[in-house]
Every structure is written in C-alpha cells, then in structure tokens.
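Source file: query.tsv. Holds: TSV, C-alpha atoms.
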```tsv
chain	number	residue	atom	x	y	z
A	1	MET	CA	105.83	137.04	53.45
A	2	ARG	CA	106.33	134.94	56.54
A	3	ILE	CA	109.44	136.92	57.50
A	4	VAL	CA	107.56	140.21	57.26
A	5	SER	CA	104.73	138.79	59.34
A	6	CYS	CA	107.21	137.60	61.97
A	7	HIS	CA	108.86	141.01	62.14
A	8	ARG	CA	105.49	142.67	62.53
A	9	SER	CA	104.61	140.29	65.36
A	10	TRP	CA	107.81	141.12	67.21
A	11	LEU	CA	107.26	144.84	66.60
A	12	TRP	CA	103.74	144.57	68.02
A	13	LEU	CA	105.07	142.76	71.10
A	14	LEU	CA	107.78	145.35	71.70
A	15	LEU	CA	105.27	148.18	71.42
A	16	MET	CA	102.95	146.49	73.90
A	17	VAL	CA	105.76	145.93	76.41
A	18	GLY	CA	107.01	149.50	75.99
A	19	ALA	CA	103.53	150.89	76.58
A	20	GLY	CA	103.58	149.85	80.23
A	21	PRO	CA	102.98	146.87	82.55
A	22	MET	CA	100.91	144.12	80.95
A	23	VAL	CA	97.91	142.61	82.67
A	24	GLY	CA	98.94	139.90	85.09
A	25	TRP	CA	102.55	141.06	85.41
A	26	ALA	CA	103.62	141.63	89.01
A	27	VAL	CA	104.72	145.16	89.91
A	28	PRO	CA	107.21	145.24	92.81
A	29	PRO	CA	105.91	147.08	95.89
A	30	GLU	CA	107.41	150.37	97.03
A	31	ALA	CA	110.52	149.67	99.07
A	32	GLY	CA	110.96	151.09	102.53
A	33	PRO	CA	113.73	153.50	103.53
A	34	PRO	CA	117.36	152.37	103.28
A	35	ALA	CA	118.37	149.86	105.95
A	36	ASP	CA	121.08	152.15	107.32
A	37	VAL	CA	118.42	154.77	108.13
A	38	LEU	CA	116.57	152.32	110.37
A	39	LYS	CA	119.80	151.39	112.11
A	40	ARG	CA	120.49	155.05	112.85
A	41	LEU	CA	117.11	155.41	114.56
A	42	ALA	CA	118.24	153.02	117.30
A	43	ALA	CA	121.83	154.26	117.57
A	44	GLU	CA	123.38	155.08	120.94
A	45	ASP	CA	124.31	158.62	119.91
A	46	PHE	CA	121.48	161.19	120.05
A	47	LYS	CA	122.72	163.13	117.02
A	48	GLU	CA	122.87	159.92	115.03
A	49	ARG	CA	119.27	159.09	115.96
A	50	GLN	CA	118.13	162.60	115.05
A	51	GLY	CA	120.01	162.39	111.77
A	52	GLY	CA	118.28	159.09	111.06
A	53	GLN	CA	114.89	160.68	111.71
A	54	ASP	CA	115.74	163.58	109.38
A	55	ALA	CA	116.79	161.11	106.67
A	56	LEU	CA	113.58	159.14	107.23
A	57	LEU	CA	111.52	162.32	106.85
A	58	ALA	CA	113.36	163.26	103.66
A	59	TRP	CA	112.69	159.77	102.28
A	60	GLY	CA	108.99	160.03	103.15
A	61	ARG	CA	108.59	163.46	101.57
A	62	ARG	CA	109.83	162.10	98.25
A	63	ARG	CA	106.87	159.67	98.22
A	64	PRO	CA	104.21	161.21	100.53
A	65	LYS	CA	101.47	158.60	100.19
A	66	GLU	CA	103.65	155.52	100.60
A	67	GLY	CA	105.87	157.28	103.12
A	68	MET	CA	103.03	158.19	105.46
A	69	GLU	CA	101.64	154.67	105.33
A	70	TRP	CA	105.04	153.15	106.05
A	71	LEU	CA	105.69	155.55	108.93
A	72	TYR	CA	102.25	154.95	110.45
A	73	ARG	CA	102.69	151.20	110.29
A	74	HIS	CA	106.11	151.29	111.95
A	75	ALA	CA	105.08	153.94	114.48
A	76	THR	CA	102.37	151.57	115.71
A	77	THR	CA	104.03	148.14	115.36
A	78	GLU	CA	107.78	148.49	115.99
A	79	THR	CA	108.96	146.72	119.13
A	80	ASP	CA	111.73	149.24	119.80
A	81	PRO	CA	110.12	152.27	121.52
A	82	GLU	CA	112.81	154.63	120.22
A	83	ILE	CA	112.14	153.62	116.62
A	84	ARG	CA	108.39	153.99	117.21
A	85	ARG	CA	108.93	157.48	118.61
A	86	ARG	CA	111.17	158.52	115.73
A	87	CYS	CA	108.76	157.17	113.11
A	88	LEU	CA	105.90	159.00	114.83
A	89	GLY	CA	107.92	162.22	114.82
A	90	ALA	CA	108.63	161.95	111.10
A	91	LEU	CA	104.99	161.08	110.44
A	92	ARG	CA	103.83	164.13	112.38
A	93	GLU	CA	106.02	166.39	110.25
A	94	MET	CA	104.55	164.92	107.07
A	95	VAL	CA	101.00	165.40	108.34
A	96	MET	CA	101.94	168.98	109.26
A	97	ASP	CA	103.10	169.50	105.66
A	98	THR	CA	99.48	168.89	104.66
A	99	TYR	CA	98.14	171.05	107.48
A	100	ARG	CA	100.31	174.01	106.51
A	101	ARG	CA	99.21	173.87	102.88
A	102	GLU	CA	95.56	174.16	103.88
A	103	GLY	CA	93.61	177.01	105.41
A	104	GLU	CA	94.00	180.78	105.15
A	105	GLY	CA	97.03	183.00	105.43
A	106	TYR	CA	97.62	184.71	108.78
A	107	ILE	CA	99.90	187.61	109.71
A	108	GLY	CA	99.14	188.13	113.41
A	109	ILE	CA	98.35	191.83	113.86
A	110	MET	CA	95.46	194.05	114.84
A	111	MET	CA	95.10	197.12	112.66
A	112	GLN	CA	93.36	200.41	112.04
A	113	ALA	CA	92.90	202.41	108.82
A	114	VAL	CA	94.44	205.89	108.91
A	115	ALA	CA	95.14	208.66	106.42
A	116	ALA	CA	98.75	208.56	105.28
A	117	VAL	CA	101.26	210.87	103.63
A	118	VAL	CA	103.48	208.81	101.37
A	119	PRO	CA	106.67	210.32	99.94
A	120	GLY	CA	106.47	210.71	96.18
A	121	ASP	CA	102.67	210.40	96.03
A	122	ALA	CA	100.70	213.64	96.17
A	123	GLY	CA	97.34	211.88	96.04
A	124	ASN	CA	95.13	210.89	98.94
A	125	ARG	CA	96.47	207.75	100.56
A	126	PHE	CA	95.41	205.52	103.40
A	127	GLY	CA	97.48	203.08	105.35
A	128	VAL	CA	97.07	200.40	107.98
A	129	ARG	CA	98.35	201.26	111.44
A	130	ILE	CA	99.50	198.25	113.47
A	131	THR	CA	97.84	198.46	116.90
A	132	PHE	CA	98.88	195.05	118.23
A	133	VAL	CA	101.40	192.39	117.22
A	134	VAL	CA	100.66	188.82	118.27
A	135	PRO	CA	103.74	187.44	120.06
A	136	GLY	CA	105.40	184.72	118.04
A	137	GLY	CA	103.28	185.43	114.95
A	138	PRO	CA	104.49	186.13	111.40
A	139	ALA	CA	104.49	189.91	111.86
A	140	ALA	CA	106.52	189.62	115.07
A	141	LYS	CA	109.04	187.35	113.35
A	142	ALA	CA	109.36	189.87	110.51
A	143	GLY	CA	110.07	192.68	112.98
A	144	LEU	CA	106.89	194.68	112.40
A	145	PRO	CA	106.32	196.91	115.45
A	146	VAL	CA	103.22	198.26	117.14
A	147	GLY	CA	102.63	201.70	115.64
A	148	GLY	CA	104.12	200.72	112.29
A	149	LEU	CA	102.29	202.02	109.23
A	150	ILE	CA	101.69	199.73	106.26
A	151	VAL	CA	101.03	201.76	103.11
A	152	GLY	CA	100.94	198.95	100.57
A	153	ALA	CA	100.94	195.20	100.10
A	154	GLY	CA	102.46	193.68	96.99
A	155	ASP	CA	101.30	195.98	94.20
A	156	ARG	CA	98.29	197.25	96.18
A	157	ILE	CA	97.87	200.74	97.63
A	158	TRP	CA	94.82	202.26	99.32
A	159	ARG	CA	93.05	205.53	98.67
A	160	ASP	CA	90.09	205.03	100.99
A	161	ALA	CA	89.29	203.85	104.50
A	162	ASP	CA	88.66	200.27	103.35
A	163	ALA	CA	92.38	199.60	103.67
A	164	VAL	CA	92.03	197.22	106.63
A	165	GLN	CA	89.32	195.10	105.05
A	166	ASP	CA	91.23	194.96	101.78
A	167	LEU	CA	94.49	193.92	103.45
A	168	GLN	CA	92.74	191.28	105.56
A	169	LYS	CA	91.03	189.80	102.52
A	170	TRP	CA	94.26	189.85	100.52
A	171	ILE	CA	96.21	188.04	103.25
A	172	ARG	CA	93.54	185.44	103.95
A	173	ALA	CA	93.32	184.59	100.24
A	174	ARG	CA	96.94	183.39	100.39
A	175	LYS	CA	98.13	180.00	101.52
A	176	PRO	CA	100.09	179.42	104.73
A	177	GLY	CA	103.79	179.51	103.97
A	178	SER	CA	103.36	182.17	101.29
A	179	LYS	CA	105.80	185.07	101.36
A	180	ILE	CA	104.29	188.54	101.01
A	181	THR	CA	105.90	191.95	100.73
A	182	LEU	CA	104.48	194.83	102.74
A	183	LYS	CA	105.32	198.48	102.11
A	184	VAL	CA	106.06	200.04	105.50
A	185	LEU	CA	106.56	203.76	106.06
A	186	ARG	CA	109.78	204.44	107.94
A	187	GLY	CA	110.57	208.10	108.38
A	188	ASN	CA	110.53	209.71	104.95
A	189	ALA	CA	110.98	206.46	103.06
A	190	VAL	CA	109.01	203.34	102.26
A	191	ALA	CA	110.69	200.02	103.06
A	192	ASP	CA	109.84	196.55	101.79
A	193	VAL	CA	109.28	194.01	104.57
A	194	GLU	CA	108.90	190.34	103.68
A	195	VAL	CA	106.56	188.29	105.85
A	196	THR	CA	106.01	184.53	105.73
A	197	LEU	CA	102.38	183.77	106.51
A	198	ASP	CA	101.24	181.13	108.97
A	199	ARG	CA	98.00	179.20	108.88
A	200	ARG	CA	95.24	181.17	110.57
A	201	PRO	CA	94.41	179.56	113.94
A	202	PRO	CA	90.66	178.94	114.29
A	203	GLU	CA	90.62	180.41	117.81
A	204	VAL	CA	91.63	183.88	116.60
A	205	GLU	CA	88.11	184.74	115.44
A	206	ARG	CA	86.71	183.64	118.79
A	207	LEU	CA	89.21	185.43	121.03
A	208	LEU	CA	89.68	188.83	119.42
A	209	PRO	CA	86.07	190.11	119.69
A	210	PHE	CA	86.32	189.68	123.47
A	211	GLY	CA	89.59	191.55	123.73
A	212	ASP	CA	91.68	188.49	124.57
A	213	MET	CA	95.12	188.79	123.02
A	214	PRO	CA	96.02	185.35	121.66
A	215	ASP	CA	99.41	183.72	122.00
A	216	ALA	CA	100.02	182.78	118.36
A	217	GLY	CA	102.63	180.18	119.18
A	218	ARG	CA	100.39	178.38	121.65
A	219	LEU	CA	97.38	178.54	119.35
A	220	GLN	CA	99.37	177.14	116.44
A	221	ARG	CA	100.80	174.31	118.53
A	222	GLU	CA	97.37	173.39	119.87
A	223	ALA	CA	95.78	173.53	116.41
A	224	GLU	CA	98.57	171.43	114.90
A	225	GLU	CA	98.35	168.81	117.64
A	226	ALA	CA	94.57	168.60	117.29
A	227	TYR	CA	94.95	168.16	113.51
A	228	PHE	CA	97.54	165.41	113.97
A	229	GLN	CA	95.48	163.53	116.55
A	230	ASP	CA	92.45	163.75	114.27
A	231	TRP	CA	94.55	162.37	111.40
A	232	LEU	CA	95.70	159.47	113.58
A	233	GLU	CA	92.15	158.65	114.65
A	234	LYS	CA	90.92	158.64	111.06
A	235	ARG	CA	93.84	156.48	109.95
A	236	LYS	CA	93.27	154.06	112.83
A	237	ALA	CA	89.60	153.76	111.91
A	238	ARG	CA	90.55	152.67	108.38
A	239	LYS	CA	92.54	149.69	109.68
```
Would you write the structure of this file as structure tokens?
Amino acid sequence: MRIVSCHRSWLWLLLMVGAGPMVGWAVPPEAGPPADVLKRLAAEDFKERQGGQDALLAWGRRRPKEGMEWLYRHATTETDPEIRRRCLGALREMVMDTYRREGEGYIGIMMQAVAAVVPGDAGNRFGVRITFVVPGGPAAKAGLPVGGLIVGAGDRIWRDADAVQDLQKWIRARKPGSKITLKVLRGNAVADVEVTLDRRPPEVERLLPFGDMPDAGRLQREAEEAYFQDWLEKRKARK
C-alpha cells in the first residue's frame, strides 16, 4: 500500500510540473536579439549596418510586444548614436506595422458612374469611370489610368448608378494592405487588375471637396510620421 501511495505522489507531482510553471518558480525574461546583430549595427560598412537593422527588425517582428519595448529602450538609452538611430528605425517599422493594419482601405482615385457595355452581358450594366488618379497611390502603382472603366470589383457588378458609392464602401471596408481584384474594360475584353490598398489618409476627405488634388505619397508619409511621434509620446509618458 505504501508503494502505491508513493507512486501516486510522484505521478501527482509530475502532472503538476507538466501543467506549467509552479507558483514561486522564476521564469527567465525574454532575451534580447543575438549579440552579433548588435555588433553589426555599429559596423564600419554601411551594408553591414543595414543588414543588422533588418535582422533586428525581423527579430522584433517575431515577438512584437517584447521587441518594441526592447527597441524603444535601446533607441533612447544607447550611448552609440548609430545604434540608437538603427534601433529607432526598426522600432518605427514595427509601429508602422500596427498603423497599416488599422484604418480603412484606400485606392486613390476619383470616379464617376457611367452606363457600360460589357462583352458577354446583354443586361444593363454600370461602371466606374476613373476621372483622376492620385500620384503615388495604389491605383497609380497598379497602372490604372485616367479614363479607365471599372466594371466590377471582386464578384461584384453594378446595374444601377450607385456604382461609385458601392465601390467606395466596398474598398473602405477592407484593411490597408489587402489585395483586391478590379474588372477593367479594355477594348472588347475585361481584364483583372490587382490593387494593393493603402491606409486612407485622413486629409483626403478634407482636401477633395475643395478641389485640391492630394499627393498620396506625401499625405501617407505625413500621416505615418504623426502616428509614430504620437506613439513615442504615449510610450514616453508611461515611463
């Protein structure tokens, strides 16, 4: 009977240990990036320093919470200005990862609903005529031209003049970084055009009603920098 009791006691202990850390047991803290990465940040060769920053960013992205804290701490306390700058650069990219996941999708065009004749479809169809392409925006990068006619988006087609409102709503419901497929009429055929959406800059709504044509690249850079500076201020306030 004693032997059975002893075996049960050991079994109970093994189950408790296997279930996870026991109260009072020390859990080692998250280690920083490999030492060779830090050495590369201060290397003489520019490509080596850039490679070190890329490796640091990859390390941080594998553990976002701990990585951002580590990068912030070293970006503000390192004595070597080059290491501080590289840590800040990697931190900015990680904060931008968060920024790009938030907000609404943005394609960067002005548009007008028009009646359309689509090959293979005898029914009434409407399309979206592109009247302006924001330089540097997603549509421009995808090669969509002014005058182009969009006759579908994903599995959507339009049979009334609400095409513009429907397309706008559909795009804005998607996250920045999403890839969408637009059906574009080219001659007597419909071509698929893939577009990678950006995050919608807040200034777009303010500028367009007044006829100002926004520079998408500039607006995105300004919005990203403002977001990063706000993140830094909030993190600094936490101490």
- Tell me, as number ranges by chain, which residues lie within 9 Å of Asn188 (chain A), counting all atoms listed in the file; anything in the same chain fewer than 3 positions away does not count. A: 118-119, 185
- Message: I'd like the interatomic distance between CA of Glu194 (chain A) and CA of Thr181 (chain A), to a tenth of an Å.
- Response: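 Calculated distance between CA of Glu194 (chain A) and CA of Thr181 (chain A) is 4.5 Å.
We find CA of Thr76 (chain A) and CA of Arg61 (chain A) to be spaced 19.5 Å apart.
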- A straight line from CA of Lys65 (chain A) to CA of Lys239 (chain A) spans 15.8 Å
- Query: If we count all atoms listed in the file, what is near Leu232 (chain A) at a cut-off of 12 Å, once residues fewer than 6 positions away on the same chain are taken out, given as a ChimeraX atom specification?
  - Reply: /A:68-69,71-73,75-76,88,91-92,95,225-226,238-239
- Item | Pick from A:Ala42, A:Leu144, A:Ala35, A:Leu197 nearest to Ala173 (chain A), counting all atoms listed in the file |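 Result for the nearest residue to Ala173 (chain A): A:Leu197.
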- Task: Check the smallest atom-to-atom distance from each of A:Asp36, A:Asp97, A:Asp162, A:Asp155 to Met111 (chain A) using only C-alpha atoms, then report the winner.
- Result: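 Of all the options, A:Asp162 lies closest to Met111 (chain A).
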Axis-aligned box over every listed atom of region 72-88 of chain A, padded by 3 Å per side: centre and edges in Å to one decimal, as JSON?
```
{"center_x": 107.5, "center_y": 152.9, "center_z": 115.9, "size_x": 16.6, "size_y": 18.3, "size_z": 17.2}
```
